[in-house]
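Participant: Contents of final_0.pdb (PDB, C-alpha atoms) are below:
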```pdb
ATOM      1  CA  MET A   1       0.000   0.000   0.000
ATOM      2  CA  THR A   2       1.194   3.489  -0.781
ATOM      3  CA  ILE A   3      -0.647   6.169   1.121
ATOM      4  CA  GLY A   4      -0.602   9.785   0.042
ATOM      5  CA  ARG A   5      -1.139  12.987   1.977
ATOM      6  CA  ASN A   6      -4.355  14.008   3.732
ATOM      7  CA  VAL A   7      -5.654  10.484   4.164
ATOM      8  CA  GLU A   8      -7.199   9.471   7.489
ATOM      9  CA  PHE A   9      -7.015   5.766   8.236
ATOM     10  CA  ASP A  10      -6.976   3.163  10.984
ATOM     11  CA  GLY A  11      -3.789   1.244  10.185
ATOM     12  CA  ALA A  12      -4.615  -1.884  12.160
ATOM     13  CA  ALA A  13      -8.115  -2.064  10.669
ATOM     14  CA  MET A  14      -6.645  -1.526   7.215
ATOM     15  CA  LYS A  15      -4.302  -4.501   7.563
ATOM     16  CA  GLU A  16      -7.128  -6.688   8.861
ATOM     17  CA  ALA A  17      -9.278  -5.629   5.892
ATOM     18  CA  ILE A  18      -6.603  -6.672   3.420
ATOM     19  CA  ARG A  19      -6.304 -10.047   5.092
ATOM     20  CA  ARG A  20     -10.077 -10.518   5.040
ATOM     21  CA  GLY A  21     -10.116  -9.613   1.349
ATOM     22  CA  CYS A  22      -7.578 -12.353   0.584
ATOM     23  CA  GLU A  23      -9.481 -14.876   2.691
ATOM     24  CA  ARG A  24     -12.808 -14.028   1.034
ATOM     25  CA  ALA A  25     -11.357 -14.179  -2.471
ATOM     26  CA  THR A  26     -10.046 -17.672  -1.729
ATOM     27  CA  LYS A  27     -13.279 -18.970  -0.208
ATOM     28  CA  GLU A  28     -15.902 -17.141  -2.248
ATOM     29  CA  HIS A  29     -14.444 -17.096  -5.771
ATOM     30  CA  PRO A  30     -13.083 -19.781  -5.023
ATOM     31  CA  LEU A  31      -9.309 -19.980  -5.474
ATOM     32  CA  ARG A  32      -6.810 -22.634  -4.489
ATOM     33  CA  SER A  33      -5.255 -21.895  -1.120
ATOM     34  CA  SER A  34      -1.515 -22.414  -1.487
ATOM     35  CA  VAL A  35      -0.420 -21.201   1.963
ATOM     36  CA  VAL A  36       0.588 -23.677   4.685
ATOM     37  CA  HIS A  37       2.252 -23.594   8.097
ATOM     38  CA  PRO A  38       5.992 -23.999   7.398
ATOM     39  CA  ILE A  39       6.465 -26.871   9.887
ATOM     40  CA  THR A  40       3.161 -28.726  10.088
ATOM     41  CA  ARG A  41       2.266 -27.979   6.433
ATOM     42  CA  LYS A  42      -1.334 -27.436   7.583
ATOM     43  CA  ASN A  43      -3.413 -25.470   5.080
ATOM     44  CA  ASP A  44      -6.219 -23.306   6.515
ATOM     45  CA  GLN A  45      -7.710 -22.960   3.003
ATOM     46  CA  THR A  46      -7.679 -19.164   3.251
ATOM     47  CA  SER A  47      -4.444 -18.214   1.414
ATOM     48  CA  CYS A  48      -3.435 -16.682   4.752
ATOM     49  CA  GLY A  49      -1.374 -17.831   7.718
ATOM     50  CA  VAL A  50       1.249 -16.737  10.217
ATOM     51  CA  GLY A  51       2.695 -13.500   8.850
ATOM     52  CA  VAL A  52       0.904 -13.887   5.512
ATOM     53  CA  PRO A  53      -0.243 -11.861   3.642
ATOM     54  CA  LEU A  54       2.853  -9.732   3.960
ATOM     55  CA  ILE A  55       1.694  -6.114   3.884
ATOM     56  CA  ASN A  56       4.172  -3.404   2.968
ATOM     57  CA  VAL A  57       3.013   0.131   3.742
ATOM     58  CA  ASP A  58       4.765   3.162   2.299
ATOM     59  CA  PHE A  59       3.886   6.830   1.917
ATOM     60  CA  ASP A  60       4.223   9.364  -0.892
ATOM     61  CA  THR A  61       3.329  12.981  -1.653
ATOM     62  CA  ARG A  62       0.216  12.463  -3.771
ATOM     63  CA  ASP A  63      -2.811  14.168  -2.283
ATOM     64  CA  GLU A  64      -5.758  12.031  -1.124
ATOM     65  CA  THR A  65      -4.697   8.828  -2.835
ATOM     66  CA  VAL A  66      -4.229   5.276  -1.621
ATOM     67  CA  GLU A  67      -2.653   2.810  -4.006
ATOM     68  CA  ILE A  68      -2.988  -0.913  -3.387
ATOM     69  CA  GLU A  69      -0.919  -3.395  -5.371
ATOM     70  CA  MET A  70      -1.510  -7.106  -4.851
ATOM     71  CA  ILE A  71       1.387  -9.385  -5.773
ATOM     72  CA  PRO A  72       0.679 -13.084  -5.096
ATOM     73  CA  LYS A  73       3.999 -14.944  -5.061
ATOM     74  CA  GLY A  74       4.202 -18.694  -5.654
ATOM     75  CA  SER A  75       7.148 -20.997  -6.175
ATOM     76  CA  GLY A  76       7.715 -19.946  -9.799
ATOM     77  CA  SER A  77       8.386 -16.413  -8.594
ATOM     78  CA  GLU A  78       9.932 -17.188  -5.196
ATOM     79  CA  ASN A  79      12.108 -20.299  -5.501
ATOM     80  CA  GLY A  80      14.322 -18.343  -7.865
ATOM     81  CA  SER A  81      15.479 -16.092  -4.997
ATOM     82  CA  PHE A  82      19.112 -15.696  -4.000
ATOM     83  CA  LEU A  83      21.189 -13.416  -1.800
ATOM     84  CA  GLN A  84      24.966 -13.049  -1.742
ATOM     85  CA  MET A  85      26.805 -10.754   0.631
ATOM     86  CA  LEU A  86      29.769 -10.000  -1.592
ATOM     87  CA  VAL A  87      32.568  -7.735  -0.391
ATOM     88  CA  PRO A  88      33.742  -4.548  -2.120
ATOM     89  CA  ALA A  89      36.912  -6.261  -3.349
ATOM     90  CA  ASP A  90      34.718  -8.564  -5.463
ATOM     91  CA  GLY A  91      33.605  -5.509  -7.420
ATOM     92  CA  ILE A  92      30.552  -4.945  -9.610
ATOM     93  CA  SER A  93      31.738  -7.657 -12.005
ATOM     94  CA  ALA A  94      31.013 -10.253  -9.296
ATOM     95  CA  VAL A  95      27.521  -8.799  -8.927
ATOM     96  CA  LYS A  96      26.873  -9.263 -12.659
ATOM     97  CA  ARG A  97      28.385 -12.761 -12.633
ATOM     98  CA  PHE A  98      26.151 -13.735  -9.700
ATOM     99  CA  VAL A  99      23.024 -12.690 -11.611
ATOM    100  CA  VAL A 100      23.975 -14.543 -14.789
ATOM    101  CA  ASP A 101      24.996 -17.654 -12.819
ATOM    102  CA  LYS A 102      21.624 -17.743 -11.056
ATOM    103  CA  VAL A 103      19.706 -17.397 -14.325
ATOM    104  CA  ILE A 104      21.715 -20.342 -15.700
ATOM    105  CA  GLU A 105      21.174 -22.355 -12.503
ATOM    106  CA  CYS A 106      17.403 -21.818 -12.616
ATOM    107  CA  GLY A 107      17.087 -22.691 -16.300
ATOM    108  CA  GLY A 108      13.479 -23.554 -17.110
ATOM    109  CA  ARG A 109      12.386 -24.009 -13.468
ATOM    110  CA  VAL A 110      11.313 -20.372 -13.136
ATOM    111  CA  CYS A 111       9.042 -20.498 -16.209
ATOM    112  CA  PRO A 112      10.845 -18.180 -18.642
ATOM    113  CA  PRO A 113      10.457 -15.664 -20.151
ATOM    114  CA  THR A 114      10.989 -13.976 -16.809
ATOM    115  CA  ILE A 115      11.631 -10.600 -15.293
ATOM    116  CA  VAL A 116      14.905 -10.933 -13.413
ATOM    117  CA  GLY A 117      14.762  -8.641 -10.401
ATOM    118  CA  VAL A 118      18.122  -7.582  -9.030
ATOM    119  CA  GLY A 119      18.803  -5.704  -5.808
ATOM    120  CA  ILE A 120      22.201  -4.089  -5.397
ATOM    121  CA  GLY A 121      23.261  -2.563  -2.095
ATOM    122  CA  GLY A 122      21.397  -1.898   1.127
ATOM    123  CA  THR A 123      21.364  -4.404   3.972
ATOM    124  CA  SER A 124      20.594  -8.102   3.493
ATOM    125  CA  ASP A 125      16.838  -7.645   3.984
ATOM    126  CA  LEU A 126      16.667  -4.414   1.988
ATOM    127  CA  CYS A 127      18.687  -5.980  -0.829
ATOM    128  CA  MET A 128      16.158  -8.782  -1.268
ATOM    129  CA  HIS A 129      13.302  -6.281  -0.969
ATOM    130  CA  LEU A 130      14.904  -4.260  -3.782
ATOM    131  CA  ALA A 131      15.113  -7.382  -5.930
ATOM    132  CA  LYS A 132      11.383  -7.936  -5.454
ATOM    133  CA  ILE A 133      10.556  -4.328  -6.278
ATOM    134  CA  ALA A 134      12.656  -4.737  -9.416
ATOM    135  CA  ALA A 135      11.001  -8.039 -10.360
ATOM    136  CA  THR A 136       7.506  -6.579 -10.057
ATOM    137  CA  ARG A 137       8.205  -3.235 -11.729
ATOM    138  CA  PRO A 138       6.269  -2.894 -15.005
ATOM    139  CA  LEU A 139       8.113  -3.575 -18.251
ATOM    140  CA  GLY A 140       9.135  -0.374 -19.986
ATOM    141  CA  THR A 141      10.291   1.269 -16.768
ATOM    142  CA  THR A 142      13.946   1.925 -16.043
ATOM    143  CA  CYS A 143      16.013   2.091 -12.876
ATOM    144  CA  LYS A 144      16.081   5.694 -11.666
ATOM    145  CA  ASP A 145      19.767   5.379 -10.796
ATOM    146  CA  ALA A 146      21.924   5.900 -13.910
ATOM    147  CA  GLU A 147      24.480   3.260 -12.889
ATOM    148  CA  GLY A 148      21.710   0.796 -12.149
ATOM    149  CA  ALA A 149      20.073   1.526 -15.514
ATOM    150  CA  GLY A 150      23.346   0.741 -17.269
ATOM    151  CA  ILE A 151      23.609  -2.618 -15.544
ATOM    152  CA  GLU A 152      19.984  -3.367 -16.450
ATOM    153  CA  ALA A 153      20.823  -2.964 -20.129
ATOM    154  CA  GLN A 154      24.000  -5.055 -19.944
ATOM    155  CA  LEU A 155      22.396  -7.915 -18.037
ATOM    156  CA  SER A 156      19.275  -7.906 -20.208
ATOM    157  CA  ASP A 157      21.448  -8.546 -23.262
ATOM    158  CA  ALA A 158      23.587 -11.102 -21.403
ATOM    159  CA  VAL A 159      20.810 -13.366 -20.108
ATOM    160  CA  ASN A 160      19.161 -13.523 -23.525
ATOM    161  CA  GLU A 161      22.394 -14.862 -25.015
ATOM    162  CA  LEU A 162      22.313 -17.940 -22.754
ATOM    163  CA  GLY A 163      20.063 -20.009 -25.013
ATOM    164  CA  ILE A 164      17.653 -21.026 -22.233
ATOM    165  CA  GLY A 165      14.608 -19.682 -24.062
ATOM    166  CA  PRO A 166      10.892 -19.812 -23.239
ATOM    167  CA  GLN A 167      10.119 -22.536 -20.676
ATOM    168  CA  GLY A 168      13.782 -23.540 -20.894
ATOM    169  CA  LEU A 169      13.292 -25.249 -24.243
ATOM    170  CA  GLY A 170      15.778 -23.160 -26.164
ATOM    171  CA  GLY A 171      15.839 -19.772 -27.828
ATOM    172  CA  ARG A 172      16.732 -16.161 -27.105
ATOM    173  CA  SER A 173      13.618 -15.246 -25.120
ATOM    174  CA  THR A 174      14.911 -16.142 -21.668
ATOM    175  CA  SER A 175      13.861 -12.894 -20.059
ATOM    176  CA  PHE A 176      11.594  -9.970 -20.876
ATOM    177  CA  ARG A 177      14.086  -7.773 -19.088
ATOM    178  CA  VAL A 178      16.482  -7.605 -16.165
ATOM    179  CA  HIS A 179      15.378  -4.909 -13.708
ATOM    180  CA  VAL A 180      17.735  -3.411 -11.152
ATOM    181  CA  GLU A 181      17.027  -1.406  -7.996
ATOM    182  CA  VAL A 182      19.803   0.060  -5.878
ATOM    183  CA  ALA A 183      20.269   1.419  -2.370
ATOM    184  CA  ALA A 184      23.244   2.808  -0.509
ATOM    185  CA  THR A 185      25.242   0.248   1.416
ATOM    186  CA  HIS A 186      27.982  -0.007   4.039
ATOM    187  CA  ILE A 187      31.615   0.649   3.077
ATOM    188  CA  THR A 188      32.503  -2.991   3.803
ATOM    189  CA  MET A 189      29.541  -4.560   1.970
ATOM    190  CA  ASN A 190      28.598  -5.343  -1.642
ATOM    191  CA  PRO A 191      25.306  -7.238  -1.426
ATOM    192  CA  VAL A 192      23.367  -8.554  -4.406
ATOM    193  CA  ALA A 193      19.976 -10.263  -4.478
ATOM    194  CA  VAL A 194      18.025 -11.926  -7.265
ATOM    195  CA  ASN A 195      14.283 -12.564  -7.398
ATOM    196  CA  ILE A 196      13.075 -14.052 -10.645
ATOM    197  CA  GLN A 197       9.448 -13.370 -11.607
ATOM    198  CA  CYS A 198       7.912 -16.076 -13.800
ATOM    199  CA  GLN A 199       6.090 -15.227 -17.026
ATOM    200  CA  SER A 200       2.715 -15.078 -15.265
ATOM    201  CA  ALA A 201       3.921 -11.907 -13.484
ATOM    202  CA  ARG A 202       0.961 -11.936 -11.151
ATOM    203  CA  ARG A 203       0.174  -8.430  -9.962
ATOM    204  CA  ALA A 204      -2.792  -6.062  -9.971
ATOM    205  CA  SER A 205      -3.173  -2.570  -8.623
ATOM    206  CA  ALA A 206      -5.727   0.160  -8.121
ATOM    207  CA  ILE A 207      -5.820   3.691  -6.761
ATOM    208  CA  ILE A 208      -8.469   4.949  -4.368
ATOM    209  CA  THR A 209      -9.261   8.669  -4.544
ATOM    210  CA  PRO A 210     -12.265  10.747  -3.415
ATOM    211  CA  GLY A 211     -13.616  10.313  -6.983
ATOM    212  CA  GLY A 212     -13.596   6.520  -6.903
ATOM    213  CA  ILE A 213     -11.355   3.599  -7.777
ATOM    214  CA  ALA A 214      -9.163   3.369 -10.872
ATOM    215  CA  PHE A 215      -7.681   0.008 -11.841
ATOM    216  CA  GLU A 216      -4.341   0.035 -13.600
TER     217      GLU A 216
ATOM    218  CA  MET B 217     -10.080  11.761   2.699
ATOM    219  CA  GLN B 218     -11.264   9.112   5.142
ATOM    220  CA  LEU B 219     -10.215   5.636   4.012
ATOM    221  CA  ASP B 220     -13.245   3.354   3.884
ATOM    222  CA  ILE B 221     -12.112   0.070   5.444
ATOM    223  CA  LYS B 222     -14.943  -1.910   3.840
ATOM    224  CA  GLU B 223     -13.874  -0.554   0.463
ATOM    225  CA  VAL B 224     -10.290  -1.671   1.176
ATOM    226  CA  GLU B 225     -11.516  -5.194   1.957
ATOM    227  CA  GLU B 226     -13.596  -5.434  -1.235
ATOM    228  CA  LEU B 227     -10.777  -3.984  -3.315
ATOM    229  CA  SER B 228      -8.244  -6.395  -1.819
ATOM    230  CA  LYS B 229     -10.512  -9.293  -2.704
ATOM    231  CA  THR B 230     -10.921  -8.028  -6.265
ATOM    232  CA  LEU B 231      -7.210  -7.321  -6.746
ATOM    233  CA  TYR B 232      -6.260 -10.762  -5.467
ATOM    234  CA  ILE B 233      -8.544 -12.373  -8.041
ATOM    235  CA  ARG B 234      -7.422 -10.049 -10.851
ATOM    236  CA  ALA B 235      -3.749 -10.658 -10.062
ATOM    237  CA  LEU B 236      -4.242 -14.410 -10.331
ATOM    238  CA  LYS B 237      -6.412 -14.378 -13.442
ATOM    239  CA  LEU B 238      -5.429 -11.459 -15.647
ATOM    240  CA  LEU B 239      -1.985 -11.004 -17.135
ATOM    241  CA  PRO B 240      -0.751  -7.387 -16.865
ATOM    242  CA  ARG B 241      -0.877  -5.383 -20.103
ATOM    243  CA  ASP B 242       2.869  -4.704 -20.103
ATOM    244  CA  ILE B 243       3.581  -8.451 -20.018
ATOM    245  CA  LYS B 244       1.279  -9.079 -22.996
ATOM    246  CA  GLN B 245       3.137  -6.357 -24.881
ATOM    247  CA  GLY B 246       6.376  -7.985 -23.763
ATOM    248  CA  PHE B 247       5.295 -11.255 -25.352
ATOM    249  CA  GLU B 248       4.632  -9.393 -28.615
ATOM    250  CA  ARG B 249       8.141  -7.940 -28.536
ATOM    251  CA  LEU B 250       9.723 -11.322 -27.839
ATOM    252  CA  MET B 251       7.734 -12.934 -30.666
ATOM    253  CA  ALA B 252       9.044 -10.297 -33.044
ATOM    254  CA  GLN B 253      12.641 -10.820 -31.931
ATOM    255  CA  GLU B 254      12.848 -14.587 -31.395
ATOM    256  CA  THR B 255      14.957 -16.237 -34.112
ATOM    257  CA  ASP B 256      14.880 -19.805 -32.785
ATOM    258  CA  ALA B 257      12.132 -22.008 -34.282
ATOM    259  CA  THR B 258      11.467 -23.869 -31.029
ATOM    260  CA  GLY B 259      11.474 -20.626 -29.082
ATOM    261  CA  ARG B 260       8.902 -19.116 -31.459
ATOM    262  CA  ALA B 261       6.704 -22.208 -31.237
ATOM    263  CA  VAL B 262       6.769 -22.199 -27.417
ATOM    264  CA  LEU B 263       6.050 -18.468 -27.259
ATOM    265  CA  GLY B 264       3.125 -18.984 -29.639
ATOM    266  CA  THR B 265       1.672 -21.679 -27.385
ATOM    267  CA  MET B 266       2.049 -19.448 -24.326
ATOM    268  CA  VAL B 267       0.320 -16.517 -26.034
ATOM    269  CA  GLU B 268      -2.547 -18.779 -27.124
ATOM    270  CA  ASN B 269      -2.841 -20.095 -23.565
ATOM    271  CA  ILE B 270      -3.149 -16.542 -22.248
ATOM    272  CA  GLN B 271      -5.863 -15.711 -24.773
ATOM    273  CA  VAL B 272      -7.873 -18.818 -23.881
ATOM    274  CA  ALA B 273      -7.487 -18.204 -20.126
ATOM    275  CA  GLU B 274      -8.769 -14.642 -20.383
ATOM    276  CA  VAL B 275     -11.960 -15.310 -22.287
ATOM    277  CA  PRO B 276     -14.416 -13.033 -20.438
ATOM    278  CA  ARG B 277     -16.264 -14.934 -17.738
ATOM    279  CA  THR B 278     -16.233 -14.999 -13.944
ATOM    280  CA  CYS B 279     -13.671 -12.358 -12.989
ATOM    281  CA  SER B 280     -15.387  -9.293 -14.404
ATOM    282  CA  ALA B 281     -18.832 -10.685 -13.569
ATOM    283  CA  ARG B 282     -17.857 -10.975  -9.904
ATOM    284  CA  THR B 283     -16.249  -7.567  -9.623
ATOM    285  CA  PRO B 284     -18.181  -5.633  -6.993
ATOM    286  CA  ALA B 285     -19.945  -2.391  -7.809
ATOM    287  CA  PHE B 286     -17.195   0.142  -7.268
ATOM    288  CA  ARG B 287     -17.374   3.708  -8.498
ATOM    289  CA  PHE B 288     -15.070   3.136 -11.456
ATOM    290  CA  ILE B 289     -13.130   5.982 -13.014
ATOM    291  CA  THR B 290     -13.060   5.546 -16.790
TER     292      THR B 290
END
```
Give the structure from this file in structure tokens form.

Facilitator:
Amino acid sequence: MTIGRNVEFDGAAMKEAIRRGCERATKEHPLRSSVVHPITRKNDQTSCGVGVPLINVDFDTRDETVEIEMIPKGSGSENGSFLQMLVPADGISAVKRFVVDKVIECGGRVCPPTIVGVGIGGTSDLCMHLAKIAATRPLGTTCKDAEGAGIEAQLSDAVNELGIGPQGLGGRSTSFRVHVEVAATHITMNPVAVNIQCQSARRASAIITPGGIAFE
Amino acid sequence: MQLDIKEVEELSKTLYIRALKLLPRDIKQGFERLMAQETDATGRAVLGTMVENIQVAEVPRTCSARTPAFRFIT
């Protein structure tokens, strides 16, 4: 959720409402519930559980707007997730090599053509969060950081030269695009994270304003 | 603006269903670009099957019919 200025809300009630919406969609539509307890593997048939749905709340400067983006993540878009805490001496070349190596390692298991989300910098948790923002950013958008945008272009060309192709059956269409997001990091760190979004790219968003709801 | 919690719940339900059933427009356009660029015969055939699968899956039926009566902005 991204909440703009001049919006009054009950944060706890808002989070409960989002959870209820997911539960109702699963039961009433109905949809398959794919969420289980990580140890018992018990499925409550609600698509919800301990700590799920994960709700990220951020704020921006738009007046009287609330944007909600729903991004269901299954194994095709989560099992291709990797974090490496490189050191500065490894350089940016090690960051690029890590990304290409992971695309090769995943092959067809992440349902190409994919969007390869890459996080560079930050802390370990922020780095993976950046990779997910990158993986779910719409095609046609570019990293706002000039250095990051350059790496996006280089890696996009590189991964489509690997010959993995759609569904891993061969060809040049391994990825729609590599997306990069960056954040400042510590002087002794050089973290990189990868989150590969499968071709289904499941996401939907809408903006609430005083005039109504607009779906994107 | 006072955020209507009931509206948030209904919208969350709708977005969850839309996210699972409708492929984003930018991804469909991405498939078109890949089809135009793919030089490998197998790659083109697989992309063609995937595009057909998307078209079949999105034949209008339950999703739009079950969308609640929001005040849509057109």

Participant: May I have a table of the residues of chain A lying at most 8 Å from chain B, giving each one's closest pair of atoms and their distance in Å to one decimal, counting all atoms listed in the file, ordered by chain and ascending residue number, as CSV?

Facilitator:
```
residue,atom,partner,partner_atom,distance
A:Asn6,CA,B:Met217,CA,6.2
A:Val7,CA,B:Met217,CA,4.8
A:Glu8,CA,B:Gln218,CA,4.7
A:Phe9,CA,B:Leu219,CA,5.3
A:Ala13,CA,B:Ile221,CA,6.9
A:Met14,CA,B:Ile221,CA,6.0
A:Ala17,CA,B:Glu225,CA,4.5
A:Ile18,CA,B:Glu225,CA,5.3
A:Arg19,CA,B:Glu225,CA,7.8
A:Arg20,CA,B:Glu225,CA,6.3
A:Gly21,CA,B:Lys229,CA,4.1
A:Cys22,CA,B:Lys229,CA,5.4
A:Glu23,CA,B:Lys229,CA,7.8
A:Arg24,CA,B:Lys229,CA,6.5
A:Ala25,CA,B:Lys229,CA,5.0
A:His29,CA,B:Ile233,CA,7.9
A:Glu64,CA,B:Met217,CA,5.8
A:Ile68,CA,B:Ser228,CA,7.8
A:Glu69,CA,B:Leu231,CA,7.5
A:Met70,CA,B:Leu231,CA,6.0
A:Ile71,CA,B:Ala235,CA,6.8
A:Pro72,CA,B:Ala235,CA,7.1
A:Pro138,CA,B:Asp242,CA,6.4
A:Leu139,CA,B:Asp242,CA,5.7
A:Gly140,CA,B:Asp242,CA,7.6
A:Gly165,CA,B:Gly259,CA,6.0
A:Pro166,CA,B:Gly259,CA,5.9
A:Gln167,CA,B:Val262,CA,7.5
A:Leu169,CA,B:Gly259,CA,6.9
A:Gly170,CA,B:Gly259,CA,5.8
A:Gly171,CA,B:Gly259,CA,4.6
A:Arg172,CA,B:Glu254,CA,6.0
A:Ser173,CA,B:Leu250,CA,6.2
A:Phe176,CA,B:Gly246,CA,6.3
A:Gln199,CA,B:Ile243,CA,7.8
A:Ser200,CA,B:Leu239,CA,6.5
A:Ala201,CA,B:Leu239,CA,7.0
A:Arg202,CA,B:Ala235,CA,5.0
A:Arg203,CA,B:Ala235,CA,4.5
A:Ala204,CA,B:Ala235,CA,4.7
A:Ser205,CA,B:Leu231,CA,6.5
A:Ala206,CA,B:Leu231,CA,7.7
A:Thr209,CA,B:Met217,CA,7.9
A:Pro210,CA,B:Met217,CA,6.6
A:Gly211,CA,B:Ile289,CA,7.4
A:Gly212,CA,B:Arg287,CA,5.0
A:Ile213,CA,B:Phe288,CA,5.2
A:Ala214,CA,B:Ile289,CA,5.2
```

Participant: If you measure from CA of Gly119 in chain A to CA of Lys15 in chain A, what distance in Å do you get, rounded to one decimal?

Facilitator: 26.7 Å

Participant: Could you work out how far CA of Ala252 in chain B lies from CA of Asn195 in chain A, giving the answer in Å with one decimal?

Facilitator: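 Interatomic distance, CA of Asn195 in chain A to CA of Ala252 in chain B: 26.3 Å.
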
Participant: Could you work out how far CA of Ala146 in chain A lies from CA of Met189 in chain A, giving the answer in Å with one decimal?

Facilitator: 20.5 Å

Participant: Run the PyMOL selection byres ((chain A and resi 177) around 6) on the file and write out the hits as an MDAnalysis selection string.

Facilitator: chainID A and resid 115 156 175:176 178

Participant: Could you tell me which residues the PyMOL selection byres ((chain A and resi 78) around 10) grabs in this file, written as a compact mmCIF listing (two decimals) with C-alpha atoms, keeping the file's coordinate frame?

Facilitator:
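And here's expr.txt as it stands now:
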```txt
# COMPACT_ATOMS: atom_id res chain seq x y z
CA LYS A 73 4.00 -14.94 -5.06
CA GLY A 74 4.20 -18.69 -5.65
CA SER A 75 7.15 -21.00 -6.18
CA GLY A 76 7.72 -19.95 -9.80
CA SER A 77 8.39 -16.41 -8.59
CA ASN A 79 12.11 -20.30 -5.50
CA GLY A 80 14.32 -18.34 -7.86
CA SER A 81 15.48 -16.09 -5.00
CA PHE A 82 19.11 -15.70 -4.00
CA VAL A 110 11.31 -20.37 -13.14
CA LYS A 132 11.38 -7.94 -5.45
CA VAL A 194 18.02 -11.93 -7.26
CA ASN A 195 14.28 -12.56 -7.40
CA ILE A 196 13.08 -14.05 -10.64
CA GLN A 197 9.45 -13.37 -11.61
CA CYS A 198 7.91 -16.08 -13.80
```

Participant: Could you list the residues chosen by the PyMOL selection byres ((chain A and resi 94-101) around 9) in this structure as a PyMOL selection string?

Facilitator: chain A and resi 84+86+90-93+102-106+116+118+120+151+154-155+158-159+162+190-194

Participant: Skip Val36 in chain A itself and residues of its chain fewer than 4 positions away, then list as a JSON list (two decimals) with C-alpha atoms, keeping the file's coordinate frame all residues within 9 Å of it, counting all atoms listed in the file.

Facilitator:
```json
[["chain", "number", "residue", "atom", "x", "y", "z"],
["A", 40, "THR", "CA", 3.16, -28.73, 10.09],
["A", 41, "ARG", "CA", 2.27, -27.98, 6.43],
["A", 42, "LYS", "CA", -1.33, -27.44, 7.58],
["A", 43, "ASN", "CA", -3.41, -25.47, 5.08],
["A", 44, "ASP", "CA", -6.22, -23.31, 6.52],
["A", 45, "GLN", "CA", -7.71, -22.96, 3.00],
["A", 47, "SER", "CA", -4.44, -18.21, 1.41],
["A", 48, "CYS", "CA", -3.44, -16.68, 4.75],
["A", 49, "GLY", "CA", -1.37, -17.83, 7.72],
["A", 50, "VAL", "CA", 1.25, -16.74, 10.22]]
```

Participant: Where's the centre, and what are the edge lengths in Å to one decimal, of a box along x, y and z enclosing all listed atoms of range 8-19 of chain A padded 3 Å per side, as AutoDock Vina command-line options?

Facilitator:
```
--center_x -6.5 --center_y -0.3 --center_z 7.8 --size_x 11.5 --size_y 25.5 --size_z 14.7
```

Participant: Just checking: using all atoms listed in the file, which residue out of A:Ala134, A:Ile164, A:Cys143, A:Ile187 ends up closest to Gly107 in chain A?

Facilitator: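 Nearest candidate to Gly107 in chain A out of A:Ala134, A:Ile164, A:Cys143, A:Ile187: A:Ile164.
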
Participant: Any idea what's packed within 8 Å of Ile208 in chain A, counting only C-alpha atoms, ignoring anything in its chain fewer than 6 positions away? Could you give it as a list in words?

Facilitator: Thr65, Val66, Glu67 and Ala214 of chain A
